[in-house]
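Colleague: Structure: structure.tsv, TSV, N, CA and C atoms and all ligand atoms.
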chain	number	residue	atom	x	y	z
Y	24	MET	N	-5.73	1.02	-22.76
Y	24	MET	CA	-4.53	1.87	-22.79
Y	24	MET	C	-3.33	1.12	-22.19
Y	25	HIS	N	-2.23	1.15	-22.88
Y	25	HIS	CA	-0.97	0.53	-22.49
Y	25	HIS	C	-0.53	0.99	-21.09
Y	26	GLU	N	-0.55	2.30	-20.88
Y	26	GLU	CA	-0.06	2.88	-19.63
Y	26	GLU	C	-0.94	2.51	-18.44
Y	27	LEU	N	-2.23	2.28	-18.69
Y	27	LEU	CA	-3.13	1.96	-17.58
Y	27	LEU	C	-2.74	0.64	-16.91
Y	28	SER	N	-2.44	-0.38	-17.72
Y	28	SER	CA	-2.07	-1.66	-17.14
Y	28	SER	C	-0.70	-1.57	-16.45
Y	29	ILE	N	0.19	-0.77	-17.00
Y	29	ILE	CA	1.51	-0.58	-16.39
Y	29	ILE	C	1.34	0.09	-15.03
Y	30	THR	N	0.50	1.14	-15.02
Y	30	THR	CA	0.28	1.88	-13.77
Y	30	THR	C	-0.38	0.99	-12.73
Y	31	ARG	N	-1.30	0.13	-13.16
Y	31	ARG	CA	-1.94	-0.81	-12.24
Y	31	ARG	C	-0.88	-1.69	-11.57
Y	32	ASN	N	0.08	-2.16	-12.37
Y	32	ASN	CA	1.15	-3.00	-11.84
Y	32	ASN	C	1.99	-2.22	-10.83
Y	33	ILE	N	2.33	-0.98	-11.18
Y	33	ILE	CA	3.15	-0.14	-10.30
Y	33	ILE	C	2.45	0.05	-8.96
Y	34	VAL	N	1.18	0.44	-9.02
Y	34	VAL	CA	0.42	0.70	-7.80
Y	34	VAL	C	0.28	-0.59	-6.97
Y	35	ALA	N	0.09	-1.71	-7.63
Y	35	ALA	CA	-0.04	-2.99	-6.92
Y	35	ALA	C	1.26	-3.32	-6.18
Y	36	ILE	N	2.38	-3.13	-6.85
Y	36	ILE	CA	3.69	-3.43	-6.24
Y	36	ILE	C	3.95	-2.49	-5.07
Y	37	VAL	N	3.66	-1.20	-5.26
Y	37	VAL	CA	3.88	-0.22	-4.20
Y	37	VAL	C	3.00	-0.55	-2.99
Y	38	ASN	N	1.74	-0.88	-3.25
Y	38	ASN	CA	0.82	-1.25	-2.16
Y	38	ASN	C	1.34	-2.43	-1.36
Y	39	GLU	N	1.86	-3.41	-2.10
Y	39	GLU	CA	2.38	-4.61	-1.47
Y	39	GLU	C	3.56	-4.28	-0.55
Y	40	HIS	N	4.46	-3.42	-1.04
Y	40	HIS	CA	5.64	-3.05	-0.27
Y	40	HIS	C	5.32	-2.10	0.89
Y	41	ALA	N	4.20	-1.41	0.78
Y	41	ALA	CA	3.84	-0.44	1.82
Y	41	ALA	C	3.44	-1.15	3.11
Y	42	LYS	N	3.03	-2.40	3.01
Y	42	LYS	CA	2.66	-3.21	4.17
Y	42	LYS	C	1.70	-2.47	5.11
Y	43	GLY	N	0.68	-1.87	4.56
Y	43	GLY	CA	-0.33	-1.21	5.37
Y	43	GLY	C	-0.04	0.23	5.73
Y	44	GLU	N	1.18	0.69	5.43
Y	44	GLU	CA	1.49	2.09	5.70
Y	44	GLU	C	1.03	2.96	4.54
Y	45	ARG	N	0.88	4.24	4.82
Y	45	ARG	CA	0.42	5.15	3.79
Y	45	ARG	C	1.61	5.60	2.93
Y	46	VAL	N	1.42	5.57	1.62
Y	46	VAL	CA	2.49	5.96	0.71
Y	46	VAL	C	2.35	7.45	0.39
Y	47	THR	N	3.42	8.21	0.60
Y	47	THR	CA	3.35	9.65	0.37
Y	47	THR	C	4.10	10.07	-0.90
Y	48	GLU	N	5.01	9.22	-1.34
Y	48	GLU	CA	5.81	9.59	-2.50
Y	48	GLU	C	6.31	8.35	-3.23
Y	49	VAL	N	6.23	8.39	-4.55
Y	49	VAL	CA	6.72	7.29	-5.37
Y	49	VAL	C	7.59	7.88	-6.47
Y	50	THR	N	8.79	7.32	-6.64
Y	50	THR	CA	9.67	7.78	-7.71
Y	50	THR	C	9.90	6.65	-8.71
Y	51	LEU	N	9.60	6.95	-9.96
Y	51	LEU	CA	9.77	5.97	-11.03
Y	51	LEU	C	10.92	6.38	-11.93
Y	52	GLU	N	11.61	5.38	-12.44
Y	52	GLU	CA	12.63	5.64	-13.44
Y	52	GLU	C	12.17	4.98	-14.74
Y	53	ILE	N	12.02	5.81	-15.77
Y	53	ILE	CA	11.52	5.30	-17.04
Y	53	ILE	C	12.56	5.52	-18.12
Y	54	GLY	N	12.94	4.46	-18.78
Y	54	GLY	CA	13.89	4.55	-19.88
Y	54	GLY	C	13.25	5.24	-21.08
Y	55	LEU	N	14.02	6.09	-21.74
Y	55	LEU	CA	13.48	6.85	-22.87
Y	55	LEU	C	13.10	5.95	-24.05
Y	56	LEU	N	13.58	4.72	-24.05
Y	56	LEU	CA	13.26	3.81	-25.15
Y	56	LEU	C	12.11	2.87	-24.82
Y	57	SER	N	11.51	3.08	-23.65
Y	57	SER	CA	10.47	2.16	-23.19
Y	57	SER	C	9.14	2.37	-23.89
Y	58	ALA	N	8.99	3.50	-24.60
Y	58	ALA	CA	7.74	3.84	-25.29
Y	58	ALA	C	6.60	4.06	-24.30
Y	59	VAL	N	6.94	4.33	-23.05
Y	59	VAL	CA	5.94	4.65	-22.04
Y	59	VAL	C	5.90	6.17	-21.89
Y	60	LEU	N	4.71	6.72	-21.94
Y	60	LEU	CA	4.57	8.17	-21.83
Y	60	LEU	C	4.37	8.60	-20.38
Y	61	PRO	N	5.33	9.35	-19.83
Y	61	PRO	CA	5.23	9.79	-18.43
Y	61	PRO	C	3.92	10.52	-18.12
Y	62	ASP	N	3.45	11.33	-19.05
Y	62	ASP	CA	2.21	12.07	-18.82
Y	62	ASP	C	1.02	11.12	-18.66
Y	63	SER	N	1.04	10.05	-19.44
Y	63	SER	CA	-0.04	9.07	-19.34
Y	63	SER	C	0.02	8.33	-18.01
Y	64	ILE	N	1.25	8.04	-17.56
Y	64	ILE	CA	1.42	7.37	-16.27
Y	64	ILE	C	0.88	8.27	-15.17
Y	65	ARG	N	1.22	9.54	-15.24
Y	65	ARG	CA	0.72	10.50	-14.23
Y	65	ARG	C	-0.80	10.53	-14.21
Y	66	PHE	N	-1.37	10.56	-15.40
Y	66	PHE	CA	-2.82	10.63	-15.55
Y	66	PHE	C	-3.47	9.38	-14.93
Y	67	CYS	N	-2.91	8.22	-15.23
Y	67	CYS	CA	-3.48	6.96	-14.75
Y	67	CYS	C	-3.24	6.77	-13.26
Y	68	PHE	N	-2.12	7.28	-12.78
Y	68	PHE	CA	-1.70	7.04	-11.40
Y	68	PHE	C	-2.77	7.46	-10.39
Y	69	ASP	N	-3.29	8.67	-10.55
Y	69	ASP	CA	-4.29	9.17	-9.61
Y	69	ASP	C	-5.56	8.32	-9.63
Y	70	ILE	N	-5.93	7.86	-10.83
Y	70	ILE	CA	-7.14	7.04	-10.98
Y	70	ILE	C	-6.94	5.68	-10.31
Y	71	VAL	N	-5.81	5.06	-10.61
Y	71	VAL	CA	-5.54	3.71	-10.12
Y	71	VAL	C	-5.29	3.71	-8.60
Y	72	ALA	N	-4.63	4.79	-8.12
Y	72	ALA	CA	-4.26	4.85	-6.70
Y	72	ALA	C	-5.46	5.11	-5.79
Y	73	LYS	N	-6.53	5.61	-6.36
Y	73	LYS	CA	-7.71	5.98	-5.57
Y	73	LYS	C	-8.22	4.79	-4.75
Y	74	GLY	N	-8.39	5.03	-3.46
Y	74	GLY	CA	-8.92	3.99	-2.59
Y	74	GLY	C	-7.87	3.01	-2.07
Y	75	THR	N	-6.59	3.23	-2.43
Y	75	THR	CA	-5.52	2.37	-1.94
Y	75	THR	C	-4.60	3.19	-1.03
Y	76	ALA	N	-3.59	2.54	-0.49
Y	76	ALA	CA	-2.63	3.23	0.39
Y	76	ALA	C	-1.79	4.24	-0.39
Y	77	VAL	N	-1.88	4.18	-1.70
Y	77	VAL	CA	-1.07	5.05	-2.56
Y	77	VAL	C	-1.82	6.34	-2.91
Y	78	GLU	N	-3.09	6.39	-2.58
Y	78	GLU	CA	-3.90	7.55	-2.94
Y	78	GLU	C	-3.29	8.84	-2.39
Y	79	GLY	N	-3.17	9.83	-3.24
Y	79	GLY	CA	-2.63	11.13	-2.82
Y	79	GLY	C	-1.12	11.21	-2.80
Y	80	ALA	N	-0.45	10.12	-3.11
Y	80	ALA	CA	1.02	10.13	-3.11
Y	80	ALA	C	1.54	10.98	-4.25
Y	81	ARG	N	2.69	11.60	-4.00
Y	81	ARG	CA	3.33	12.39	-5.05
Y	81	ARG	C	4.08	11.45	-5.98
Y	82	LEU	N	3.94	11.66	-7.26
Y	82	LEU	CA	4.61	10.81	-8.24
Y	82	LEU	C	5.74	11.58	-8.92
Y	83	ASN	N	6.95	11.06	-8.75
Y	83	ASN	CA	8.11	11.66	-9.43
Y	83	ASN	C	8.53	10.71	-10.55
Y	84	ILE	N	8.77	11.27	-11.71
Y	84	ILE	CA	9.21	10.44	-12.83
Y	84	ILE	C	10.56	10.94	-13.34
Y	85	ILE	N	11.53	10.04	-13.32
Y	85	ILE	CA	12.86	10.37	-13.84
Y	85	ILE	C	13.02	9.64	-15.17
Y	86	GLU	N	13.26	10.42	-16.21
Y	86	GLU	CA	13.47	9.81	-17.52
Y	86	GLU	C	14.96	9.65	-17.76
Y	87	VAL	N	15.37	8.44	-18.09
Y	87	VAL	CA	16.80	8.19	-18.30
Y	87	VAL	C	17.07	7.72	-19.73
Y	88	ALA	N	18.16	8.21	-20.26
Y	88	ALA	CA	18.57	7.82	-21.62
Y	88	ALA	C	19.07	6.38	-21.59
Y	89	GLY	N	18.90	5.71	-22.71
Y	89	GLY	CA	19.41	4.36	-22.83
Y	89	GLY	C	20.86	4.35	-23.28
Y	90	HIS	N	21.43	3.17	-23.31
Y	90	HIS	CA	22.80	3.03	-23.77
Y	90	HIS	C	22.91	1.89	-24.77
Y	91	GLY	N	23.71	2.13	-25.75
Y	91	GLY	CA	23.96	1.10	-26.74
Y	91	GLY	C	25.43	1.05	-27.09
Y	92	ARG	N	25.80	0.03	-27.85
Y	92	ARG	CA	27.20	-0.06	-28.29
Y	92	ARG	C	27.21	-0.20	-29.81
Y	93	CYS	N	28.06	0.59	-30.40
Y	93	CYS	CA	28.19	0.56	-31.85
Y	93	CYS	C	28.90	-0.72	-32.28
Y	94	ARG	N	28.27	-1.46	-33.20
Y	94	ARG	CA	28.88	-2.72	-33.66
Y	94	ARG	C	30.02	-2.46	-34.63
Y	95	ALA	N	30.06	-1.25	-35.19
Y	95	ALA	CA	31.10	-0.93	-36.16
Y	95	ALA	C	32.41	-0.52	-35.49
Y	96	CYS	N	32.32	0.35	-34.45
Y	96	CYS	CA	33.55	0.86	-33.85
Y	96	CYS	C	33.68	0.54	-32.35
Y	97	GLY	N	32.63	-0.02	-31.76
Y	97	GLY	CA	32.71	-0.44	-30.36
Y	97	GLY	C	32.48	0.66	-29.35
Y	98	GLN	N	32.11	1.84	-29.81
Y	98	GLN	CA	31.90	2.97	-28.93
Y	98	GLN	C	30.55	2.89	-28.21
Y	99	ASP	N	30.54	3.38	-26.96
Y	99	ASP	CA	29.26	3.49	-26.23
Y	99	ASP	C	28.49	4.68	-26.76
Y	100	VAL	N	27.21	4.49	-26.98
Y	100	VAL	CA	26.37	5.55	-27.53
Y	100	VAL	C	25.17	5.77	-26.61
Y	101	GLU	N	24.91	7.05	-26.30
Y	101	GLU	CA	23.72	7.36	-25.51
Y	101	GLU	C	22.51	7.35	-26.43
Y	102	LEU	N	21.46	6.66	-26.02
Y	102	LEU	CA	20.28	6.53	-26.86
Y	102	LEU	C	19.10	7.29	-26.24
Y	103	ARG	N	18.72	8.36	-26.90
Y	103	ARG	CA	17.57	9.13	-26.43
Y	103	ARG	C	16.34	8.87	-27.30
Y	104	HIS	N	16.54	8.22	-28.42
Y	104	HIS	CA	15.46	7.88	-29.33
Y	104	HIS	C	15.67	6.44	-29.79
Y	105	PRO	N	14.60	5.76	-30.18
Y	105	PRO	CA	14.76	4.37	-30.66
Y	105	PRO	C	15.68	4.29	-31.87
Y	106	ILE	N	15.68	5.35	-32.68
Y	106	ILE	CA	16.56	5.34	-33.85
Y	106	ILE	C	17.74	6.27	-33.57
Y	107	ALA	N	18.92	5.70	-33.45
Y	107	ALA	CA	20.09	6.51	-33.12
Y	107	ALA	C	21.24	6.13	-34.04
Y	108	ARG	N	22.23	6.99	-34.04
Y	108	ARG	CA	23.38	6.79	-34.91
Y	108	ARG	C	24.65	7.10	-34.10
Y	109	CYS	N	25.65	6.30	-34.29
Y	109	CYS	CA	26.94	6.53	-33.64
Y	109	CYS	C	27.65	7.69	-34.33
Y	110	SER	N	28.59	8.31	-33.61
Y	110	SER	CA	29.32	9.43	-34.21
Y	110	SER	C	30.18	8.99	-35.39
Y	111	CYS	N	30.44	7.68	-35.51
Y	111	CYS	CA	31.21	7.19	-36.66
Y	111	CYS	C	30.34	7.05	-37.91
Y	112	GLY	N	29.01	7.24	-37.71
Y	112	GLY	CA	28.12	7.19	-38.87
Y	112	GLY	C	27.31	5.90	-38.97
Y	113	SER	N	27.69	4.90	-38.17
Y	113	SER	CA	26.99	3.63	-38.23
Y	113	SER	C	25.70	3.68	-37.41
Y	114	SER	N	24.66	3.03	-37.90
Y	114	SER	CA	23.43	2.94	-37.12
Y	114	SER	C	23.22	1.50	-36.64
Y	115	ASP	N	24.27	0.71	-36.75
Y	115	ASP	CA	24.22	-0.68	-36.30
Y	115	ASP	C	24.61	-0.74	-34.82
Y	116	LEU	N	23.61	-0.49	-33.97
Y	116	LEU	CA	23.88	-0.40	-32.54
Y	116	LEU	C	23.20	-1.54	-31.79
Y	117	SER	N	23.91	-2.08	-30.83
Y	117	SER	CA	23.25	-3.05	-29.96
Y	117	SER	C	22.73	-2.30	-28.75
Y	118	ARG	N	21.50	-2.53	-28.40
Y	118	ARG	CA	20.86	-1.80	-27.31
Y	118	ARG	C	21.16	-2.49	-25.98
Y	119	LEU	N	21.75	-1.75	-25.06
Y	119	LEU	CA	22.12	-2.33	-23.76
Y	119	LEU	C	21.10	-1.99	-22.68
Y	120	SER	N	20.53	-0.80	-22.73
Y	120	SER	CA	19.53	-0.41	-21.74
Y	120	SER	C	18.68	0.71	-22.30
Y	121	GLY	N	17.63	1.06	-21.57
Y	121	GLY	CA	16.79	2.16	-22.00
Y	121	GLY	C	15.32	1.81	-22.04
Y	122	GLU	N	15.01	0.52	-21.84
Y	122	GLU	CA	13.60	0.11	-21.87
Y	122	GLU	C	13.08	-0.20	-20.48
Y	123	GLN	N	13.87	0.16	-19.46
Y	123	GLN	CA	13.48	-0.21	-18.10
Y	123	GLN	C	12.38	0.70	-17.53
Y	124	LEU	N	11.61	0.14	-16.65
Y	124	LEU	CA	10.65	0.93	-15.89
Y	124	LEU	C	10.74	0.39	-14.48
Y	125	THR	N	11.36	1.16	-13.60
Y	125	THR	CA	11.59	0.67	-12.26
Y	125	THR	C	11.04	1.63	-11.21
Y	126	ILE	N	10.64	1.06	-10.09
Y	126	ILE	CA	10.23	1.87	-8.95
Y	126	ILE	C	11.52	2.15	-8.19
Y	127	LYS	N	11.98	3.38	-8.31
Y	127	LYS	CA	13.27	3.77	-7.77
Y	127	LYS	C	13.20	3.95	-6.26
Y	128	GLN	N	12.12	4.54	-5.82
Y	128	GLN	CA	12.01	4.86	-4.40
Y	128	GLN	C	10.55	5.03	-4.03
Y	129	MET	N	10.21	4.69	-2.81
Y	129	MET	CA	8.89	5.00	-2.30
Y	129	MET	C	8.99	5.41	-0.85
Y	130	VAL	N	8.19	6.39	-0.46
Y	130	VAL	CA	8.22	6.90	0.90
Y	130	VAL	C	6.89	6.56	1.55
Y	131	THR	N	6.95	5.96	2.73
Y	131	THR	CA	5.72	5.63	3.43
Y	131	THR	C	5.72	6.26	4.81
Y	132	THR	N	4.54	6.38	5.35
Y	132	THR	CA	4.39	6.91	6.68
Y	132	THR	C	3.30	6.08	7.37
Y	133	PRO	N	3.44	5.74	8.65
Y	133	PRO	CA	2.42	4.93	9.31
Y	133	PRO	C	1.07	5.64	9.27
Y	134	CYS	N	0.01	4.87	9.06
Y	134	CYS	CA	-1.33	5.44	8.93
Y	134	CYS	C	-1.73	6.29	10.12
Y	135	ALA	N	-1.31	5.86	11.30
Y	135	ALA	CA	-1.74	6.54	12.51
Y	135	ALA	C	-1.17	7.95	12.62
Y	136	GLN	N	-0.02	8.19	12.00
Y	136	GLN	CA	0.62	9.49	12.12
Y	136	GLN	C	1.00	10.05	10.76
Y	137	PRO	N	0.01	10.57	10.06
Y	137	PRO	CA	0.36	11.19	8.78
Y	137	PRO	C	1.29	12.38	8.98
Y	138	ALA	N	2.29	12.50	8.13
Y	138	ALA	CA	3.31	13.53	8.31
Y	138	ALA	C	2.74	14.94	8.28
Y	139	ASP	N	1.65	15.12	7.52
Y	139	ASP	CA	1.13	16.46	7.36
Y	139	ASP	C	-0.11	16.71	8.23
Y	140	ALA	N	-0.31	15.88	9.25
Y	140	ALA	CA	-1.47	16.03	10.11
Y	140	ALA	C	-1.34	17.30	10.94
Y	141	PRO	N	-2.41	18.06	11.04
Y	141	PRO	CA	-2.34	19.26	11.87
Y	141	PRO	C	-2.21	18.88	13.35
Y	142	ILE	N	-1.41	19.63	14.05
Y	142	ILE	CA	-1.23	19.35	15.48
Y	142	ILE	C	-2.22	20.22	16.24
Y	143	THR	N	-3.21	19.58	16.82
Y	143	THR	CA	-4.23	20.32	17.56
Y	143	THR	C	-4.01	20.15	19.06
Y	144	PRO	N	-3.92	21.24	19.78
Y	144	PRO	CA	-3.69	21.12	21.22
Y	144	PRO	C	-4.88	20.47	21.92
Y	145	LEU	N	-4.59	19.68	22.92
Y	145	LEU	CA	-5.66	19.03	23.68
Y	145	LEU	C	-6.34	20.04	24.59
Y	146	ARG	N	-7.65	19.96	24.66
Y	146	ARG	CA	-8.41	20.87	25.52
Y	146	ARG	C	-8.91	20.14	26.75
Y	147	GLY	N	-9.08	20.85	27.81
Y	147	GLY	CA	-9.63	20.26	29.02
Y	147	GLY	C	-8.53	20.17	29.99
T	1	ZN	ZN	30.56	3.74	-34.21
Written as C-alpha cells, how would this file's structure read?

Modeller:
Amino acid sequence: MHELSITRNIVAIVNEHAKGERVTEVTLEIGLLSAVLPDSIRFCFDIVAKGTAVEGARLNIIEVAGHGRCRACGQDVELRHPIARCSCGSSDLSRLSGEQLTIKQMVTTPCAQPADAPITPLRG
C-alpha cells in the first residue's frame, strides 16, 4: 500500500524529532493533488505508531488546495482536483503547489510526566 510506506516515513521522522519524548499530537498538511488518502494515512498511523513514542498520538490532517497559474491568461487558479480549468476556459495550467505532504506540527511531552496522568495523593 502506497500510504503505508508514507506513514512509516512520517512516524520515523516524528520519532526522530521527539528525541525520546512522548508524542501526543501530530498535524499533517496534505495537498489535495498529492493522491494521498487521509483515511488511509489515519488507518496506517495507528498500526505503524504502535510500540514507538508516537503510539496513541492524536493525528490531525489538514487538506490544502493546490495552486496553479493559467498559461493562457496568467491568472492564479485554485486546484482542488488534478484536472482543473481556469475561469477563462483554458485548461493549460502550470501546477505550482498541491502535492506536498508535510508534518506541520507535533506536540511532545516528557515520558516521565504524561500530561494526562492521574494525580494520586501520596499516602503515609
Ligand atoms: Zn486563464

Colleague: When DSSP is applied to the backbone of this structure, which of segment 46-132 of chain Y are assigned alpha helix (DSSP H)? Write them out as a ChimeraX atom specification.

Modeller: /Y:61-72

Colleague: Around (4.7, 2.1, -25.5) in the file's own coordinates, what residues are found within 8 Å if you use only C-alpha atoms, given back as a ChimeraX atom specification?

Modeller: /Y:25-26,57-60

Colleague: Keeping only N, CA and C atoms, write the selected residues as a short mmCIF file (atom, residue, chain, number, x, y, z; two decimals), in the coordinates of the input.

Modeller:
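Result written to part.cif:
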data_model
loop_
_atom_site.label_atom_id
_atom_site.label_comp_id
_atom_site.auth_asym_id
_atom_site.auth_seq_id
_atom_site.Cartn_x
_atom_site.Cartn_y
_atom_site.Cartn_z
N HIS Y 25 -2.23 1.15 -22.88
CA HIS Y 25 -0.97 0.53 -22.49
C HIS Y 25 -0.53 0.99 -21.09
N GLU Y 26 -0.55 2.30 -20.88
CA GLU Y 26 -0.06 2.88 -19.63
C GLU Y 26 -0.94 2.51 -18.44
N SER Y 57 11.51 3.08 -23.65
CA SER Y 57 10.47 2.16 -23.19
C SER Y 57 9.14 2.37 -23.89
N ALA Y 58 8.99 3.50 -24.60
CA ALA Y 58 7.74 3.84 -25.29
C ALA Y 58 6.60 4.06 -24.30
N VAL Y 59 6.94 4.33 -23.05
CA VAL Y 59 5.94 4.65 -22.04
C VAL Y 59 5.90 6.17 -21.89
N LEU Y 60 4.71 6.72 -21.94
CA LEU Y 60 4.57 8.17 -21.83
C LEU Y 60 4.37 8.60 -20.38
#

Colleague: Please identify all protein, DNA and RNA residues within 6 Å of ligand ZN 1 (chain T), counting only N, CA and C atoms and all ligand atoms, and report them as a CSV table (one decimal) with N, CA and C atoms, in the frame of the given file.

Modeller:
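This is the output file pocket.csv:
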chain,number,residue,atom,x,y,z
Y,93,CYS,N,28.1,0.6,-30.4
Y,93,CYS,CA,28.2,0.6,-31.8
Y,93,CYS,C,28.9,-0.7,-32.3
Y,94,ARG,N,28.3,-1.5,-33.2
Y,94,ARG,CA,28.9,-2.7,-33.7
Y,94,ARG,C,30.0,-2.5,-34.6
Y,95,ALA,N,30.1,-1.2,-35.2
Y,95,ALA,CA,31.1,-0.9,-36.2
Y,95,ALA,C,32.4,-0.5,-35.5
Y,96,CYS,N,32.3,0.4,-34.4
Y,96,CYS,CA,33.6,0.9,-33.8
Y,96,CYS,C,33.7,0.5,-32.4
Y,97,GLY,N,32.6,0.0,-31.8
Y,97,GLY,CA,32.7,-0.4,-30.4
Y,97,GLY,C,32.5,0.7,-29.4
Y,98,GLN,N,32.1,1.8,-29.8
Y,98,GLN,CA,31.9,3.0,-28.9
Y,98,GLN,C,30.6,2.9,-28.2
Y,109,CYS,N,25.6,6.3,-34.3
Y,109,CYS,CA,26.9,6.5,-33.6
Y,109,CYS,C,27.6,7.7,-34.3
Y,110,SER,N,28.6,8.3,-33.6
Y,110,SER,CA,29.3,9.4,-34.2
Y,110,SER,C,30.2,9.0,-35.4
Y,111,CYS,N,30.4,7.7,-35.5
Y,111,CYS,CA,31.2,7.2,-36.7
Y,111,CYS,C,30.3,7.0,-37.9
Y,112,GLY,N,29.0,7.2,-37.7
Y,112,GLY,CA,28.1,7.2,-38.9
Y,112,GLY,C,27.3,5.9,-39.0
Y,113,SER,N,27.7,4.9,-38.2
Y,113,SER,CA,27.0,3.6,-38.2
Y,113,SER,C,25.7,3.7,-37.4

Colleague: Could you jot down the atom C of Met129 of chain Y to atom N of Glu48 of chain Y separation for me, Å, one decimal place?

Modeller: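 Result for atom C of Met129 of chain Y versus atom N of Glu48 of chain Y: 5.5 Å, one decimal.
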
Colleague: Pick out the residues sitting within 6.5 Å of Pro133 of chain Y, and hand them over as a PyMOL selection string; count only N, CA and C atoms, and ignore anything fewer than 5 positions along from it in its own chain.

Modeller: chain Y and resi 43-45
